[in-house]
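To be precise, the following lines are final.txt, and they hold compact mmCIF, C-alpha atoms.
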# COMPACT_ATOMS: atom_id res chain seq x y z
CA MET W 27 66.89 126.15 31.59
CA TYR W 28 70.16 125.92 33.48
CA PHE W 29 72.88 123.31 33.22
CA VAL W 30 75.10 122.73 36.25
CA GLY W 31 78.80 122.05 35.69
CA ASP W 32 80.92 119.55 37.58
CA ASP W 33 82.05 122.36 39.88
CA GLY W 34 78.45 123.44 40.66
CA THR W 35 78.52 126.48 38.34
CA GLN W 36 75.15 127.17 36.72
CA TYR W 37 75.09 128.00 33.01
CA ILE W 38 72.10 129.48 31.23
CA GLU W 39 71.28 126.96 28.51
CA THR W 40 68.08 128.57 27.25
CA ARG W 41 66.12 131.61 28.28
CA VAL W 42 62.70 132.43 26.86
CA ASP W 43 60.70 135.60 27.48
CA ARG W 44 57.13 134.31 27.41
CA ALA W 45 55.82 137.85 26.90
CA LEU W 46 57.62 138.02 23.55
CA GLY W 47 56.59 134.61 22.23
CA ALA W 48 58.98 133.16 19.67
CA SER W 49 61.64 135.85 20.09
CA LEU W 50 65.30 135.04 20.71
CA ASP W 51 66.08 136.26 24.21
CA LEU W 52 69.81 135.41 24.20
CA ASP W 53 72.05 137.44 21.93
CA VAL W 54 74.11 134.41 20.92
CA PHE W 55 71.07 132.93 19.16
CA ARG W 56 70.37 136.21 17.36
CA THR W 57 74.00 136.26 16.24
CA MET W 58 73.75 132.72 14.89
CA LEU W 59 71.12 133.97 12.43
CA ALA W 60 74.11 135.37 10.50
CA GLY W 61 74.12 132.01 8.74
CA PHE W 62 71.19 133.37 6.72
CA LEU W 63 73.59 135.90 5.16
CA VAL W 64 75.35 132.96 3.50
CA GLN W 65 72.33 130.71 2.94
CA PRO W 66 69.24 132.97 2.89
CA ALA W 67 66.73 130.29 1.89
CA PRO W 68 67.50 126.96 3.56
CA ARG W 69 65.00 124.18 2.90
CA ARG W 70 66.51 121.76 5.44
CA ALA W 71 68.30 122.59 8.69
CA LEU W 72 69.97 120.46 11.33
CA VAL W 73 70.52 121.78 14.86
CA LEU W 74 73.07 119.80 16.87
CA GLY W 75 72.28 120.54 20.52
CA LEU W 76 68.59 121.16 21.24
CA GLY W 77 68.74 122.50 24.80
CA GLY W 78 65.49 124.35 25.41
CA GLY W 79 64.90 124.69 21.67
CA ALA W 80 64.93 128.49 21.47
CA LEU W 81 66.72 128.70 18.11
CA PRO W 82 64.98 125.76 16.38
CA ASN W 83 61.60 126.99 17.70
CA TYR W 84 62.35 130.43 16.26
CA LEU W 85 63.30 128.96 12.88
CA HIS W 86 60.25 126.69 12.87
CA ALA W 87 57.94 129.66 13.54
CA ARG W 88 59.53 132.04 11.02
CA VAL W 89 60.63 129.88 8.09
CA PRO W 90 57.39 128.10 7.12
CA ALA W 91 58.79 125.70 4.52
CA LEU W 92 61.86 124.72 6.59
CA GLU W 93 62.34 121.02 7.35
CA LEU W 94 64.09 120.92 10.71
CA ASP W 95 65.96 118.19 12.55
CA ALA W 96 67.17 118.84 16.10
CA VAL W 97 69.47 116.47 17.96
CA ASP W 98 70.30 116.27 21.65
CA ILE W 99 72.18 113.54 23.44
CA ASP W 100 70.18 113.84 26.67
CA PRO W 101 66.60 112.49 26.69
CA GLU W 102 65.84 114.53 29.83
CA VAL W 103 66.81 117.75 28.04
CA VAL W 104 64.46 116.80 25.19
CA ARG W 105 61.67 116.02 27.69
CA LEU W 106 62.11 119.38 29.45
CA ALA W 107 62.27 121.26 26.12
CA GLN W 108 59.00 119.69 25.03
CA ALA W 109 57.30 120.10 28.42
CA TYR W 110 58.36 123.67 29.23
CA PHE W 111 59.83 125.39 26.17
CA GLY W 112 57.31 124.64 23.44
CA VAL W 113 59.35 122.17 21.40
CA PRO W 114 56.66 120.29 19.48
CA GLN W 115 56.12 116.55 19.45
CA GLY W 116 55.01 114.76 16.32
CA ASP W 117 55.44 117.71 13.93
CA PRO W 118 56.62 116.34 10.56
CA ARG W 119 58.55 119.58 9.82
CA TYR W 120 60.32 119.61 13.25
CA ARG W 121 61.82 116.27 14.11
CA VAL W 122 63.62 115.83 17.43
CA HIS W 123 66.19 113.04 17.81
CA VAL W 124 67.84 111.76 20.97
CA ALA W 125 71.36 110.87 19.85
CA ASP W 126 74.98 111.89 20.01
CA ALA W 127 75.50 114.49 17.25
CA ARG W 128 78.48 112.71 15.73
CA LEU W 129 76.71 109.35 15.65
CA PHE W 130 73.55 110.95 14.27
CA LEU W 131 75.50 112.29 11.30
CA ALA W 132 77.22 108.95 10.76
CA ARG W 133 73.94 107.02 10.84
CA ALA W 134 71.79 109.40 8.78
CA PRO W 135 70.90 108.10 5.31
CA ALA W 136 73.78 108.70 2.90
CA ASP W 137 71.68 110.86 0.55
CA VAL W 138 70.46 113.28 3.26
CA ARG W 139 71.95 116.78 3.05
CA TRP W 140 71.14 119.94 5.00
CA ASP W 141 71.33 123.53 3.76
CA MET W 142 72.22 124.74 7.25
CA ILE W 143 73.84 122.80 10.08
CA ILE W 144 73.95 124.61 13.41
CA LEU W 145 76.42 123.42 16.03
CA ASP W 146 75.27 124.41 19.51
CA ALA W 147 76.10 121.31 21.58
CA TYR W 148 77.65 122.24 24.89
CA ARG W 149 78.58 120.85 28.27
CA GLY W 150 78.75 124.00 30.38
CA VAL W 151 80.72 126.41 28.20
CA GLN W 152 82.71 123.74 26.37
CA ILE W 153 81.91 121.87 23.17
CA PRO W 154 82.50 118.15 23.81
CA ARG W 155 85.92 117.08 22.52
CA HIS W 156 84.57 114.66 19.89
CA LEU W 157 82.57 117.53 18.33
CA ARG W 158 85.67 119.74 17.97
CA THR W 159 87.80 117.56 15.71
CA VAL W 160 88.74 117.84 12.06
CA GLU W 161 87.04 114.46 11.53
CA PHE W 162 83.75 115.69 13.01
CA HIS W 163 83.80 118.87 10.92
CA ALA W 164 84.60 116.82 7.82
CA ALA W 165 81.50 114.73 8.58
CA VAL W 166 79.45 117.92 8.94
CA ARG W 167 80.81 119.34 5.69
CA ALA W 168 80.02 116.09 3.89
CA ARG W 169 76.37 116.46 4.97
CA LEU W 170 75.99 120.04 3.73
CA SER W 171 74.17 120.67 0.47
CA PRO W 172 76.32 122.31 -2.25
CA SER W 173 75.22 125.79 -1.07
CA GLY W 174 75.03 124.79 2.60
CA VAL W 175 76.48 126.59 5.60
CA MET W 176 77.64 125.43 9.02
CA VAL W 177 77.01 127.82 11.89
CA ALA W 178 78.81 127.27 15.20
CA ASN W 179 78.29 128.90 18.56
CA LEU W 180 81.82 129.47 19.93
CA HIS W 181 82.61 131.21 23.22
CA ASN W 182 85.70 133.42 22.92
CA ARG W 183 86.32 133.27 26.67
CA THR W 184 87.10 129.55 26.68
CA PRO W 185 90.61 128.12 26.42
CA THR W 186 89.68 126.15 23.28
CA TYR W 187 88.30 129.10 21.29
CA ALA W 188 91.39 129.66 19.10
CA SER W 189 91.86 125.96 18.37
CA ASN W 190 88.13 125.57 17.60
CA ARG W 191 88.43 128.35 15.01
CA GLU W 192 91.59 126.80 13.55
CA THR W 193 89.93 123.39 13.30
CA ALA W 194 86.95 124.85 11.43
CA ALA W 195 89.24 126.82 9.12
CA ALA W 196 91.07 123.60 8.20
CA VAL W 197 87.82 122.02 6.95
CA TYR W 198 85.52 124.70 5.52
CA PRO W 199 86.57 126.70 2.43
CA THR W 200 85.34 129.98 3.90
CA CYS W 201 85.00 130.98 7.55
CA SER W 202 83.48 134.17 8.92
CA GLY W 203 83.13 135.35 12.49
CA PHE W 204 80.39 137.51 13.97
CA ARG W 205 80.27 139.15 17.40
CA SER W 206 77.16 139.03 19.51
CA GLU W 207 75.66 142.18 20.98
CA ALA W 208 77.63 141.46 24.16
CA GLY W 209 80.84 141.30 22.10
CA ASN W 210 81.21 137.53 22.00
CA PRO W 211 82.08 135.99 18.62
CA THR W 212 80.06 133.19 17.02
Would you put the structure from the file into structure tokens?
Amino acid sequence: MYFVGDDGTQYIETRVDRALGASLDLDVFRTMLAGFLVQPAPRRALVLGLGGGALPNYLHARVPALELDAVDIDPEVVRLAQAYFGVPQGDPRYRVHVADARLFLARAPADVRWDMIILDAYRGVQIPRHLRTVEFHAAVRARLSPSGVMVANLHNRTPTYASNRETAAAVYPTCSGFRSEAGNPT
């Protein structure tokens, strides 16, 4: 699945190797599994930014008891993910929501907490501005269980990388960075 930027640049959103089934073909998704070092046994996970569903599909296949919510703002992205990338419909353990990530968090029932919240919502190579603020990260932190972890996909080659890291560090008590196989931090 490719996304096309305003300037016509194509960005790989999701890539799946059908010969390898539920593997993670892009190194950034494999790197995001580092969240399991902090929270090795999540019962509930929230993925903000479905795209083609590679990471949530992987988690759904490999963590049998995991309750998974995935959110994407674009109904066409959700349709394509379900039609071509194996994102299930009607699975009670894998719920897909069409919504803005920030509004989804604000509207979720007050008692709902997730053990792992994965931020992977992009427009091209940029995280939308309203998902990069201290207020947004405070809303994410408020929705984490006491032992919960937030995992963010950050591209170190973007102009906002340093400020994105600083914003996260202002909200979360502990921040760790991991480099992908290609050398890009997450």
One-decimal distance in Å that lies between atom CA of W:Arg133 and atom CA of W:Asp117
21.6 Å
So that I can check the surroundings of stretch 159-168 of chain W, please list as a PyMOL selection string every protein, DNA and RNA residue that reaches within 8 Å of it, counting all atoms listed in the file and ignoring chain neighbours fewer than 3 positions away.
chain W and resi 128+131-132+143+155-156+176+193-194+196-198
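When all atoms listed in the file are used to compute distances to W:Ala127, the closest of the residues W:Arg105, W:Arg139, W:Arg158, W:Arg56 turns out to be W:Arg158.
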Pairwise distance for atom CA of W:Thr186 and atom CA of W:Asp100, rounded to one decimal in Å:
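Answer for the atom CA of W:Thr186 to atom CA of W:Asp100 separation: 23.3 Å.
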Here atom CA of W:Leu76 and atom CA of W:Pro172 stand apart by 24.8 Å
For W:Gly203, which of W:Ala60, W:Leu74, W:Leu52, W:Val122 is the closest residue, counting all atoms listed in the file?
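Using all atoms listed in the file, W:Gly203 sits closest to W:Ala60.
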Write out as a compact mmCIF listing (two decimals) with C-alpha atoms, in the coordinates of the input each polymer residue whose atoms come within 12 Å of W:Ala178, counting all atoms listed in the file; drop sequence neighbours fewer than 6 positions from it.
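Okay, this is what ended up in part05.txt:
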# COMPACT_ATOMS: atom_id res chain seq x y z
CA VAL W 54 74.11 134.41 20.92
CA PHE W 55 71.07 132.93 19.16
CA THR W 57 74.00 136.26 16.24
CA MET W 58 73.75 132.72 14.89
CA LEU W 59 71.12 133.97 12.43
CA ALA W 60 74.11 135.37 10.50
CA GLY W 61 74.12 132.01 8.74
CA LEU W 72 69.97 120.46 11.33
CA VAL W 73 70.52 121.78 14.86
CA LEU W 74 73.07 119.80 16.87
CA GLY W 75 72.28 120.54 20.52
CA MET W 142 72.22 124.74 7.25
CA ILE W 143 73.84 122.80 10.08
CA ILE W 144 73.95 124.61 13.41
CA LEU W 145 76.42 123.42 16.03
CA ASP W 146 75.27 124.41 19.51
CA ALA W 147 76.10 121.31 21.58
CA TYR W 148 77.65 122.24 24.89
CA ILE W 153 81.91 121.87 23.17
CA LEU W 157 82.57 117.53 18.33
CA ARG W 158 85.67 119.74 17.97
CA HIS W 163 83.80 118.87 10.92
CA VAL W 166 79.45 117.92 8.94
CA TYR W 187 88.30 129.10 21.29
CA ASN W 190 88.13 125.57 17.60
CA ARG W 191 88.43 128.35 15.01
CA THR W 193 89.93 123.39 13.30
CA ALA W 194 86.95 124.85 11.43
CA CYS W 201 85.00 130.98 7.55
CA SER W 202 83.48 134.17 8.92
CA GLY W 203 83.13 135.35 12.49
CA PHE W 204 80.39 137.51 13.97
CA PRO W 211 82.08 135.99 18.62
CA THR W 212 80.06 133.19 17.02
Which residue of W:Leu63, W:Thr35, W:Asp53, W:Gly79 approaches W:Glu207 most closely, using only C-alpha atoms
W:Asp53
What are the centre and edge lengths in Å, to one decimal, of the axis-aligned box around all listed atoms of stretch 169-177 of chain W with 8 Å added on each side, as AutoDock Vina command-line options?
--center_x 75.9 --center_y 122.1 --center_z 4.8 --size_x 19.5 --size_y 27.4 --size_z 30.1
Within 12 Å of W:Arg69, counting all atoms listed in the file, which residues show up once you throw out same-chain ones fewer than 6 positions away? Write them as a compact mmCIF listing (two decimals) with C-alpha atoms, in the coordinates of the input, please.
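As a result, around.txt now contains:
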# COMPACT_ATOMS: atom_id res chain seq x y z
CA PHE W 62 71.19 133.37 6.72
CA LEU W 85 63.30 128.96 12.88
CA HIS W 86 60.25 126.69 12.87
CA VAL W 89 60.63 129.88 8.09
CA PRO W 90 57.39 128.10 7.12
CA ALA W 91 58.79 125.70 4.52
CA LEU W 92 61.86 124.72 6.59
CA GLU W 93 62.34 121.02 7.35
CA LEU W 94 64.09 120.92 10.71
CA ASP W 95 65.96 118.19 12.55
CA ARG W 119 58.55 119.58 9.82
CA ARG W 139 71.95 116.78 3.05
CA TRP W 140 71.14 119.94 5.00
CA ASP W 141 71.33 123.53 3.76
CA MET W 142 72.22 124.74 7.25
CA ILE W 143 73.84 122.80 10.08
CA LEU W 170 75.99 120.04 3.73
CA SER W 171 74.17 120.67 0.47
CA SER W 173 75.22 125.79 -1.07
CA GLY W 174 75.03 124.79 2.60
Counting only C-alpha atoms, the residue of W:Gln152, W:Asn83, W:Gln65, W:Asn182 that sits nearest W:Val113
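Using only C-alpha atoms, the shortest distance to W:Val113 belongs to W:Asn83.
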Pick from W:Gly77, W:Pro68, W:Gly112, W:Gly34 nearest to W:Ile99, counting only C-alpha atoms
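Among the listed residues, W:Gly77 lies closest to W:Ile99.
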